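Structure file start00.txt (compact mmCIF, C-alpha atoms) is printed below.
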# COMPACT_ATOMS: atom_id res chain seq x y z
CA MET M 17 0.09 -23.11 29.76
CA LYS M 18 -0.46 -26.77 30.54
CA PRO M 19 2.21 -29.23 29.39
CA SER M 20 -0.39 -30.88 27.17
CA CYS M 21 -1.06 -27.53 25.43
CA GLU M 22 2.50 -27.22 24.21
CA GLN M 23 2.12 -29.99 21.67
CA PHE M 24 -1.00 -28.33 20.24
CA VAL M 25 -0.19 -24.63 20.30
CA ASP M 26 1.94 -24.76 17.16
CA ARG M 27 -0.89 -26.42 15.31
CA LEU M 28 -3.67 -24.03 16.24
CA VAL M 29 -3.08 -21.68 13.28
CA ASP M 30 -3.08 -24.59 10.85
CA TYR M 31 -6.19 -25.91 12.59
CA VAL M 32 -8.20 -22.68 12.21
CA ASP M 33 -6.97 -22.41 8.60
CA GLY M 34 -8.21 -25.94 7.91
CA ALA M 35 -4.70 -26.91 6.85
CA LEU M 36 -4.26 -29.94 9.13
CA PRO M 37 -4.77 -33.55 8.05
CA GLU M 38 -8.04 -35.02 9.34
CA GLU M 39 -6.46 -37.11 12.05
CA GLU M 40 -4.42 -34.22 13.48
CA ALA M 41 -7.40 -31.89 13.27
CA GLY M 42 -9.41 -34.40 15.29
CA ALA M 43 -6.74 -34.51 17.99
CA VAL M 44 -6.67 -30.70 18.20
CA ALA M 45 -10.49 -30.56 18.37
CA ARG M 46 -10.51 -33.03 21.27
CA HIS M 47 -7.90 -30.96 23.11
CA LEU M 48 -9.88 -27.75 22.51
CA ALA M 49 -13.00 -29.33 24.00
CA ALA M 50 -11.11 -29.76 27.26
CA CYS M 51 -8.91 -26.63 27.32
CA GLU M 52 -10.37 -23.16 27.80
CA ARG M 53 -7.02 -21.44 27.35
CA CYS M 54 -6.52 -22.91 23.89
CA ARG M 55 -10.13 -22.07 22.99
CA GLN M 56 -9.35 -18.47 23.91
CA THR M 57 -6.32 -18.57 21.64
CA VAL M 58 -8.43 -19.87 18.77
CA SER M 59 -10.98 -17.09 19.37
CA ALA M 60 -8.18 -14.52 19.37
CA LEU M 61 -6.75 -15.98 16.14
CA ASP M 62 -10.13 -15.63 14.41
CA ARG M 63 -10.86 -12.24 15.88
CA SER M 64 -7.50 -10.69 15.09
CA LEU M 65 -7.63 -11.87 11.48
CA GLY M 66 -11.15 -10.48 11.11
CA LEU M 67 -10.00 -7.11 12.46
CA ALA M 68 -6.93 -7.11 10.22
CA LYS M 69 -9.26 -7.62 7.26
CA VAL M 70 -11.28 -4.59 8.37
CA LEU M 71 -8.10 -2.50 8.31
CA TRP M 72 -7.04 -3.86 4.94
CA GLU M 73 -10.47 -3.34 3.38
CA ASP M 74 -10.61 0.16 4.82
CA ASN M 75 -7.33 0.97 3.09
CA LEU M 76 -8.89 -0.06 -0.22
CA GLY M 77 -11.80 2.33 0.28
CA ASP M 78 -11.93 5.96 -0.75
CA ARG M 79 -11.76 8.08 2.36
CA THR M 80 -11.39 11.37 0.49
CA ALA M 81 -15.05 12.34 0.84
CA ALA M 82 -15.26 11.32 4.50
CA ASP M 83 -12.06 13.04 5.48
CA SER M 84 -12.49 16.20 3.41
CA HIS M 85 -15.42 17.25 5.61
CA ALA M 86 -13.29 16.97 8.73
CA ARG M 87 -10.42 18.85 7.12
CA LYS M 88 -12.44 21.87 5.98
CA PRO M 89 -11.74 24.15 8.99
CA GLN M 90 -8.04 23.30 8.79
CA ARG M 91 -8.01 24.07 5.07
CA ARG M 92 -9.70 27.40 5.67
CA VAL M 93 -6.92 28.38 8.07
CA VAL M 94 -4.33 27.30 5.52
CA TYR M 95 -6.04 29.36 2.79
CA CYS M 96 -6.10 32.43 5.08
CA LEU M 97 -2.45 31.99 5.93
CA ALA M 98 -1.55 31.46 2.27
CA THR M 99 -3.46 34.61 1.26
CA ALA M 100 -1.78 36.64 4.01
CA ALA M 101 1.62 35.27 3.02
CA SER M 102 1.09 36.09 -0.65
CA ILE M 103 0.03 39.66 0.19
CA LEU M 104 3.12 40.12 2.35
CA LEU M 105 5.34 38.66 -0.35
CA THR M 106 3.85 40.96 -2.98
CA ILE M 107 4.35 44.03 -0.80
CA GLY M 108 7.87 42.90 0.07
CA GLY M 109 8.69 42.25 -3.59
CA LEU M 110 7.38 45.62 -4.73
CA THR M 111 9.30 47.38 -1.97
CA ALA M 112 12.49 45.60 -2.96
CA LEU M 113 11.90 46.52 -6.61
CA VAL M 114 11.45 50.16 -5.78
CA LEU M 115 14.41 50.33 -3.40
CA HIS M 116 16.82 48.25 -5.48
CA GLN M 117 16.16 48.78 -9.13
CA ASP M 118 19.43 47.13 -10.01
CA VAL M 119 18.88 43.86 -8.23
CA ARG M 120 20.69 41.13 -10.15
CA GLN M 121 19.80 37.46 -10.32
CA PRO M 122 22.17 35.37 -8.18
CA PRO M 123 24.41 33.13 -10.28
CA VAL M 124 23.15 29.54 -10.66
CA THR M 125 25.44 27.14 -8.85
CA PHE M 126 26.59 23.87 -10.37
CA ALA M 127 24.72 21.91 -7.67
CA GLU M 128 21.49 23.74 -8.48
CA ALA M 129 21.89 23.14 -12.20
CA LYS M 130 22.55 19.46 -11.51
CA ARG M 131 19.42 19.26 -9.38
CA GLN M 132 17.30 20.89 -12.08
CA VAL M 133 18.64 18.53 -14.74
CA ALA M 134 17.88 15.52 -12.51
CA ARG M 135 14.35 16.77 -11.91
CA ALA M 136 13.78 17.40 -15.60
CA GLY M 137 15.07 13.89 -16.37
CA ALA M 138 12.83 12.24 -13.78
CA ALA M 139 9.80 14.16 -15.05
CA ALA M 140 10.56 13.26 -18.67
CA GLN M 141 10.87 9.60 -17.73
CA LEU M 142 7.57 9.71 -15.89
CA LEU M 143 5.92 11.46 -18.83
CA ALA M 144 7.23 8.83 -21.24
CA ALA M 145 5.87 6.06 -19.01
CA THR M 146 2.52 7.84 -18.87
CA HIS M 147 2.35 8.14 -22.67
CA ILE M 148 2.91 4.39 -22.94
CA LEU M 149 0.24 3.70 -20.32
CA ALA M 150 -2.15 6.02 -22.16
CA ARG M 151 -2.00 3.72 -25.17
CA CYS M 152 -3.55 0.88 -23.14
CA GLU M 153 -7.27 0.49 -22.61
CA GLY M 154 -8.88 1.24 -19.26
CA THR M 155 -6.03 3.35 -17.92
CA GLU M 156 -7.66 6.78 -18.24
CA SER M 157 -7.92 7.55 -14.52
CA MET M 158 -4.41 6.32 -13.79
CA VAL M 159 -2.98 8.33 -16.70
CA GLU M 160 -4.80 11.45 -15.56
CA ARG M 161 -3.42 10.99 -12.06
CA GLN M 162 0.09 10.62 -13.48
CA TYR M 163 -0.31 13.86 -15.45
CA GLN M 164 -1.60 15.63 -12.36
CA TYR M 165 1.32 14.26 -10.37
CA ILE M 166 3.84 15.59 -12.89
CA LEU M 167 2.12 18.98 -13.00
CA ARG M 168 2.15 19.13 -9.21
CA GLU M 169 5.55 17.72 -8.32
CA TYR M 170 7.56 18.79 -11.38
CA ALA M 171 5.81 22.04 -12.25
CA ASP M 172 9.04 23.77 -13.30
CA THR M 173 10.16 21.13 -15.81
CA PRO M 174 9.78 20.89 -19.59
CA ALA M 175 7.63 17.77 -19.07
CA ALA M 176 5.03 19.80 -17.16
CA ALA M 177 5.20 22.54 -19.79
CA SER M 178 4.61 19.92 -22.47
CA ILE M 179 1.48 18.66 -20.68
CA LYS M 180 0.17 22.20 -20.26
CA ALA M 181 0.82 23.00 -23.94
CA SER M 182 -0.85 19.79 -25.04
CA ARG M 183 -3.91 20.57 -22.91
CA ALA M 184 -4.10 24.13 -24.19
CA LEU M 185 -3.99 22.77 -27.72
CA ASN M 186 -6.79 20.30 -26.96
CA LEU M 187 -8.89 23.05 -25.39
CA GLY M 188 -8.36 25.24 -28.46
CA GLY M 189 -9.42 22.36 -30.66
CA THR M 190 -12.56 21.86 -28.62
CA HIS M 191 -13.50 25.55 -28.93
CA ASN M 192 -12.97 25.42 -32.64
CA ASP M 193 -15.34 22.48 -32.84
CA MET A 8 12.81 -5.56 5.92
CA VAL A 9 11.86 -8.46 3.76
CA GLU A 10 14.93 -10.37 2.59
CA ASP A 11 16.70 -8.29 0.05
CA ARG A 12 14.32 -8.70 -2.82
CA SER A 13 15.44 -5.51 -4.44
CA ARG A 14 16.98 -7.69 -7.11
CA ASP A 15 13.75 -6.80 -8.80
CA SER A 16 15.76 -4.36 -10.84
CA ALA A 17 17.82 -6.40 -13.20
CA GLU A 18 19.54 -9.57 -12.06
CA ASP A 19 16.29 -11.35 -11.24
CA ALA A 20 14.83 -10.44 -14.54
CA GLY A 21 15.28 -13.85 -16.06
CA PRO A 22 16.75 -14.80 -19.42
CA VAL A 23 16.69 -12.10 -22.04
CA SER A 24 17.90 -14.00 -25.05
CA ARG A 25 14.47 -14.09 -26.70
CA ARG A 26 12.79 -10.82 -25.90
CA PRO A 27 8.98 -10.73 -25.82
CA PRO A 28 6.98 -7.72 -27.02
CA GLU A 29 7.58 -4.75 -24.75
CA SER A 30 3.91 -4.52 -23.89
CA HIS A 31 3.86 -7.98 -22.29
CA LEU A 32 4.97 -6.88 -18.83
CA LEU A 33 2.76 -3.82 -19.09
CA GLY A 34 -0.17 -6.08 -19.97
CA VAL A 35 0.47 -8.26 -16.92
CA PHE A 36 0.78 -5.14 -14.78
CA LEU A 37 -2.52 -3.74 -16.02
CA ARG A 38 -4.27 -7.08 -15.58
CA GLU A 39 -2.92 -7.61 -12.09
CA ARG A 40 -3.01 -4.08 -10.73
CA GLU A 41 -6.08 -4.79 -8.56
CA ARG A 42 -4.11 -7.51 -6.84
CA LEU A 43 -1.14 -5.17 -6.48
CA ARG A 44 -3.46 -2.54 -5.05
CA ARG A 45 -4.69 -5.11 -2.49
CA ILE A 46 -1.11 -5.90 -1.57
CA ALA A 47 -0.38 -2.20 -1.05
CA ALA A 48 -3.53 -1.88 1.07
CA GLY A 49 -2.50 -4.92 3.07
CA MET A 50 0.94 -3.45 3.61
CA GLY A 51 -0.76 -0.45 5.21
CA MET A 52 -1.06 2.06 2.36
CA ASP A 53 -4.31 3.96 2.05
CA ARG A 54 -5.91 4.35 -1.37
CA ALA A 55 -4.08 7.54 -2.36
CA ASP A 56 -0.70 6.22 -1.21
CA ALA A 57 -1.36 2.93 -2.99
CA GLU A 58 -1.99 4.87 -6.22
CA ASP A 59 1.36 6.61 -5.81
CA VAL A 60 3.01 3.23 -5.25
CA LEU A 61 1.41 1.81 -8.40
CA GLN A 62 2.49 4.83 -10.41
CA ASP A 63 6.08 4.25 -9.36
CA VAL A 64 5.74 0.58 -10.20
CA SER A 65 4.39 1.49 -13.64
CA VAL A 66 7.55 3.51 -14.29
CA GLN A 67 9.63 0.48 -13.33
CA VAL A 68 7.46 -1.64 -15.62
CA VAL A 69 8.26 0.58 -18.57
CA ARG A 70 11.94 0.60 -17.68
CA TYR A 71 12.25 -3.19 -17.42
CA ALA A 72 9.54 -4.15 -19.90
CA SER A 73 11.79 -6.18 -22.15
CA ARG A 74 13.64 -8.16 -19.50
CA PHE A 75 11.11 -10.89 -18.78
CA GLU A 76 9.84 -13.89 -20.64
CA GLN A 77 7.60 -15.88 -18.34
CA GLU A 78 4.44 -14.51 -16.78
CA ASN A 79 5.05 -16.11 -13.39
CA VAL A 80 8.46 -14.41 -13.25
CA MET A 81 6.82 -11.11 -14.19
CA MET A 82 4.21 -11.56 -11.49
CA ARG A 83 6.83 -12.31 -8.84
CA TRP A 84 8.78 -9.25 -9.89
CA LEU A 85 5.68 -7.04 -9.84
CA ILE A 86 4.74 -8.21 -6.33
CA ARG A 87 8.25 -7.71 -4.99
CA THR A 88 8.56 -4.30 -6.63
CA THR A 89 5.24 -3.23 -5.14
CA VAL A 90 6.17 -4.55 -1.71
CA ASN A 91 9.58 -2.91 -1.72
CA ARG A 92 8.04 0.38 -2.76
CA CYS A 93 5.54 0.05 0.10
CA LEU A 94 8.35 -0.60 2.55
CA THR A 95 9.97 2.72 1.71
CA GLU A 96 6.77 4.35 2.96
CA HIS A 97 7.14 2.77 6.39
CA ARG A 98 5.96 5.85 8.27
CA ARG A 99 2.68 5.87 6.38
CA ARG A 100 1.69 2.32 7.31
CA PHE A 101 -1.74 1.97 8.92
CA ARG A 102 -1.82 5.62 9.83
CA HIS A 103 -5.59 5.95 10.23
CA LYS A 104 -6.86 5.58 13.80
CA ALA A 105 -9.21 2.69 14.51
CA SER A 106 -11.89 4.87 16.11
CA ARG A 107 -12.25 6.79 12.83
CA ILE A 108 -12.59 3.56 10.89
CA VAL A 109 -15.38 2.35 13.17
CA LYS A 110 -17.24 5.64 12.62
CA ARG A 111 -16.52 5.84 8.91
CA ARG A 112 -17.12 2.22 7.92
CA PRO A 113 -19.68 0.77 10.37
CA GLU A 114 -21.02 -1.65 7.74
CA LEU A 115 -17.54 -3.05 7.12
CA VAL A 116 -16.81 -3.51 10.82
CA GLN A 117 -20.24 -5.01 11.50
CA GLY A 118 -19.92 -7.33 8.52
CA VAL A 119 -16.62 -8.79 9.66
CA THR A 120 -17.07 -8.85 13.42
CA GLY A 121 -20.85 -8.89 13.94
CA ALA A 122 -20.64 -6.11 16.56
CA ASP A 123 -23.69 -3.84 16.51
CA SER A 124 -24.45 -2.47 19.99
CA ALA A 125 -22.72 0.69 21.21
CA MET A 126 -20.93 -1.30 23.92
CA GLU A 127 -19.66 -3.81 21.41
CA GLN A 128 -18.59 -1.00 19.07
CA ALA A 129 -16.57 0.64 21.87
CA GLY A 130 -14.79 -2.62 22.72
CA LEU A 131 -14.29 -3.26 19.07
CA SER A 132 -12.67 0.10 18.52
CA GLU A 133 -10.15 -0.76 21.25
CA GLU A 134 -9.44 -4.18 19.74
CA LEU A 135 -9.12 -2.71 16.27
CA GLU A 136 -6.59 -0.20 17.55
CA ILE A 137 -4.56 -3.03 19.12
CA VAL A 138 -4.52 -4.91 15.82
CA ARG A 139 -3.68 -1.72 13.88
CA ARG A 140 -0.67 -1.04 16.08
CA THR A 141 0.45 -4.64 15.90
CA LEU A 142 0.25 -4.64 12.10
CA ARG A 143 2.10 -1.34 12.01
CA GLU A 144 4.92 -2.76 14.11
CA LEU A 145 4.94 -6.20 12.56
CA ASP A 146 8.12 -7.17 10.78
CA PRO A 147 7.47 -6.70 7.04
CA SER A 148 8.57 -10.26 6.28
CA LEU A 149 5.73 -11.49 8.53
CA LEU A 150 3.20 -8.90 7.38
CA LEU A 151 3.81 -9.74 3.74
CA VAL A 152 3.04 -13.46 4.04
CA VAL A 153 -0.09 -12.72 6.06
CA VAL A 154 -1.32 -10.24 3.44
CA LEU A 155 -0.62 -12.59 0.54
CA ARG A 156 -2.27 -15.52 2.31
CA TYR A 157 -5.34 -13.93 3.84
CA PHE A 158 -5.97 -10.82 1.76
CA CYS A 159 -4.78 -11.92 -1.67
CA ASP A 160 -5.84 -15.56 -1.27
CA LEU A 161 -2.56 -17.13 -2.31
CA ASP A 162 -1.81 -20.49 -0.75
CA SER A 163 1.46 -21.28 1.01
CA LYS A 164 2.97 -22.87 -2.09
CA GLU A 165 2.16 -19.86 -4.30
CA ILE A 166 3.56 -17.49 -1.66
CA ALA A 167 6.71 -19.60 -1.45
CA GLU A 168 7.16 -19.41 -5.23
CA THR A 169 6.51 -15.69 -5.29
CA LEU A 170 8.91 -14.90 -2.48
CA GLN A 171 11.36 -17.64 -3.44
CA MET A 172 11.41 -19.40 -0.11
CA ASN A 173 10.36 -22.79 1.27
CA ALA A 174 6.67 -23.46 1.85
CA SER A 175 7.60 -24.54 5.39
CA THR A 176 9.17 -21.11 6.00
CA VAL A 177 5.95 -19.49 4.80
CA ARG A 178 3.89 -21.64 7.18
CA ALA A 179 6.25 -20.82 10.06
CA ARG A 180 5.95 -17.09 9.35
CA LEU A 181 2.19 -17.32 9.08
CA ARG A 182 2.05 -19.07 12.45
CA GLU A 183 4.37 -16.52 14.05
CA ALA A 184 2.44 -13.55 12.70
CA ARG A 185 -0.97 -14.94 13.59
CA MET A 186 0.13 -15.84 17.12
CA LEU A 187 1.61 -12.35 17.58
CA LEU A 188 -1.67 -10.73 16.55
CA ALA A 189 -3.74 -13.11 18.65
CA GLY A 190 -1.39 -12.70 21.62
CA LYS A 191 -1.98 -8.95 21.75
CA LEU A 192 -5.72 -9.49 21.88
CA LEU A 193 -5.36 -12.24 24.47
CA ARG A 194 -3.46 -9.86 26.76
CA ARG A 195 -6.43 -7.53 26.64
CA GLY A 196 -8.76 -10.44 27.38
CA ILE A 197 -11.09 -12.30 25.03
CA GLU A 198 -13.99 -14.68 25.45
CA PRO A 199 -13.36 -18.31 24.39
CA ARG A 200 -15.62 -19.45 21.59

Now, as a test, write the supplied structure out as C-alpha cells.
Amino acid sequence: MKPSCEQFVDRLVDYVDGALPEEEAGAVARHLAACERCRQTVSALDRSLGLAKVLWEDNLGDRTAADSHARKPQRRVVYCLATAASILLTIGGLTALVLHQDVRQPPVTFAEAKRQVARAGAAAQLLAATHILARCEGTESMVERQYQYILREYADTPAAASIKASRALNLGGTHND
Amino acid sequence: MVEDRSRDSAEDAGPVSRRPPESHLLGVFLRERERLRRIAAGMGMDRADAEDVLQDVSVQVVRYASRFEQENVMMRWLIRTTVNRCLTEHRRRFRHKASRIVKRRPELVQGVTGADSAMEQAGLSEELEIVRRTLRELDPSLLLVVVLRYFCDLDSKEIAETLQMNASTVRARLREARMLLAGKLLRRGIEPR
C-alpha cells in the first residue's frame, strides 16, 4: 500500500456508504481516480456487501420445498430403518413378555422425577405463552407452530395432553355441526 | 460474543413503578417481529431456525411483559434478546452452502450481483462461499452492527442507542467488519470498478 493510501483507507467504508462530508468525499474521489489498489478495495467493499445481502435474503426465504426434494431418498432410508427397528422392537418386546411374565417396572429415580417435573414446567410455561399469543390478531401460524413444537418436543407432558384433548374436543364439535 | 447484553432479563428492564398493560410489550413484539426475523436471518439463522428463535423470544416477552414502560427500551430489549438467542445457535450460522444458494435462488443472486453467464455464476458461487465463511467466522459484535446497519436499515446513531455504545464505536466496528469481508475477496482477486 502506498503511503498516500494510508490516510484514505480508513475512510473508504464511509465513502462508499455516503457518510463522509462533501469535502472529504471529494478528496477520497480524487485519490481513487489515481489509485487502482484503492479502487479494487472499493469494488470489494461493494461486492462483499452485495453477496452478504444475498445470504441474508436467502435465510429469509422458505427453503423447505426446495430442500425436501433433495432429502427424499435420505428420508426413504430413514423410514425403512425406522420400520425395521420398530418390527425388531415389537418382536423383542413380545419375546420378553413371554419369557418374563413377572417383569417389574424399574423404580423411578429422584433425578428422573426431577427431570420430568422440569419438562412439564417448561411445557406448561410455553403453553401459557402460546395461549396469550393466540389472543392477538394475526398470530395464527405462529401459534400453530408453537402447539406443534410442544406436541413434538414435550409429547409426554400434561401440556401436550391438554393440546391433544382440546383438539379432539374441537374435532368432535365439528362433526356434531 | 457481543458484550454481555444478557441483562435483557431483569436489571435492564427499566423502571417498574408505573406498570403498563401487560400486552404492551407483546404488542411491540408482534409489530416488530418482521424486523426481529430479519435480524435472526442476518445473524445466520435460516427461516425455520429463526422461527424457533422468535418462539423463545415470545416466551421471554410473556415472562417480562410488565417490566417495561418505554417503547424504545422494549425495542432494545427485544433486539438484544433475539441476538443473544441467535448466538446460542452458533453452530447453525450460515450453514447452507453457497453453491446451493446459487442454484436455488438464481433470481436473487442475479438481482444483487448482475451475474448471468455460466462463467460469472461459477465465479460468483466461489465468492459467495468466501463471504459465507467470513460471516460465519465473524465476531458476533461485528456481525451484529453490520446486520443492523445494512439489513435492518438502522443508522449508526440508532444502532448505538440499541446496543448502548458510542456511535463512533459503531462506525469503527462497521469499518472493521466491512474491511474484513472485502479483504477476503481481495485476496481472491477482484476487478477494480

**Fill in**
Here atom CA of Gly49 of chain A and atom CA of Glu114 of chain A stand apart by 19.4 Å

**Item:** Length of the atom CA of Pro174 of chain M to atom CA of Gln141 of chain M vector [Å]
**Value:** 11.5 Å

**Asked** Which is closer to Arg44 of chain A than all the others in M:Asp30, M:Asp172, M:Glu160, M:Glu73, using only C-alpha atoms?
**Response**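 Answer, going by the shortest atom-to-atom distance: M:Glu73.
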
**Message:** Could you check the closest approach to Asp33 of chain M for each of A:Leu150, A:Leu33, A:Leu181, A:Leu145 and tell me which residue wins, using all atoms listed in the file?
**Reply:**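 The closest residue to Asp33 of chain M is A:Leu181.
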
**Request:** Using only C-alpha atoms, determine which residues of chain M fall within 6 Å of chain A; present them as a ChimeraX atom specification.
**Result:** /M:29,55-56,59-61,64,66-67,72,75-76,145

**Length of the atom CA of Ala139 of chain M to atom CA of Ala175 of chain M vector [Å]** = 5.8 Å

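In this comparison, which uses all atoms listed in the file, the residue of M:Ala150, M:Val44, M:Ala136, M:Leu142 approaching Tyr165 of chain M most closely is M:Leu142.
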
Specify the axis-aligned box that encloses all atoms of segment 66-80 of chain A listed in the file after padding of 5 Å on each side, stating its centre and edge lengths in Å to one decimal as AutoDock Vina command-line options.
--center_x 9.0 --center_y -6.3 --center_z -17.7 --size_x 19.2 --size_y 29.6 --size_z 18.9
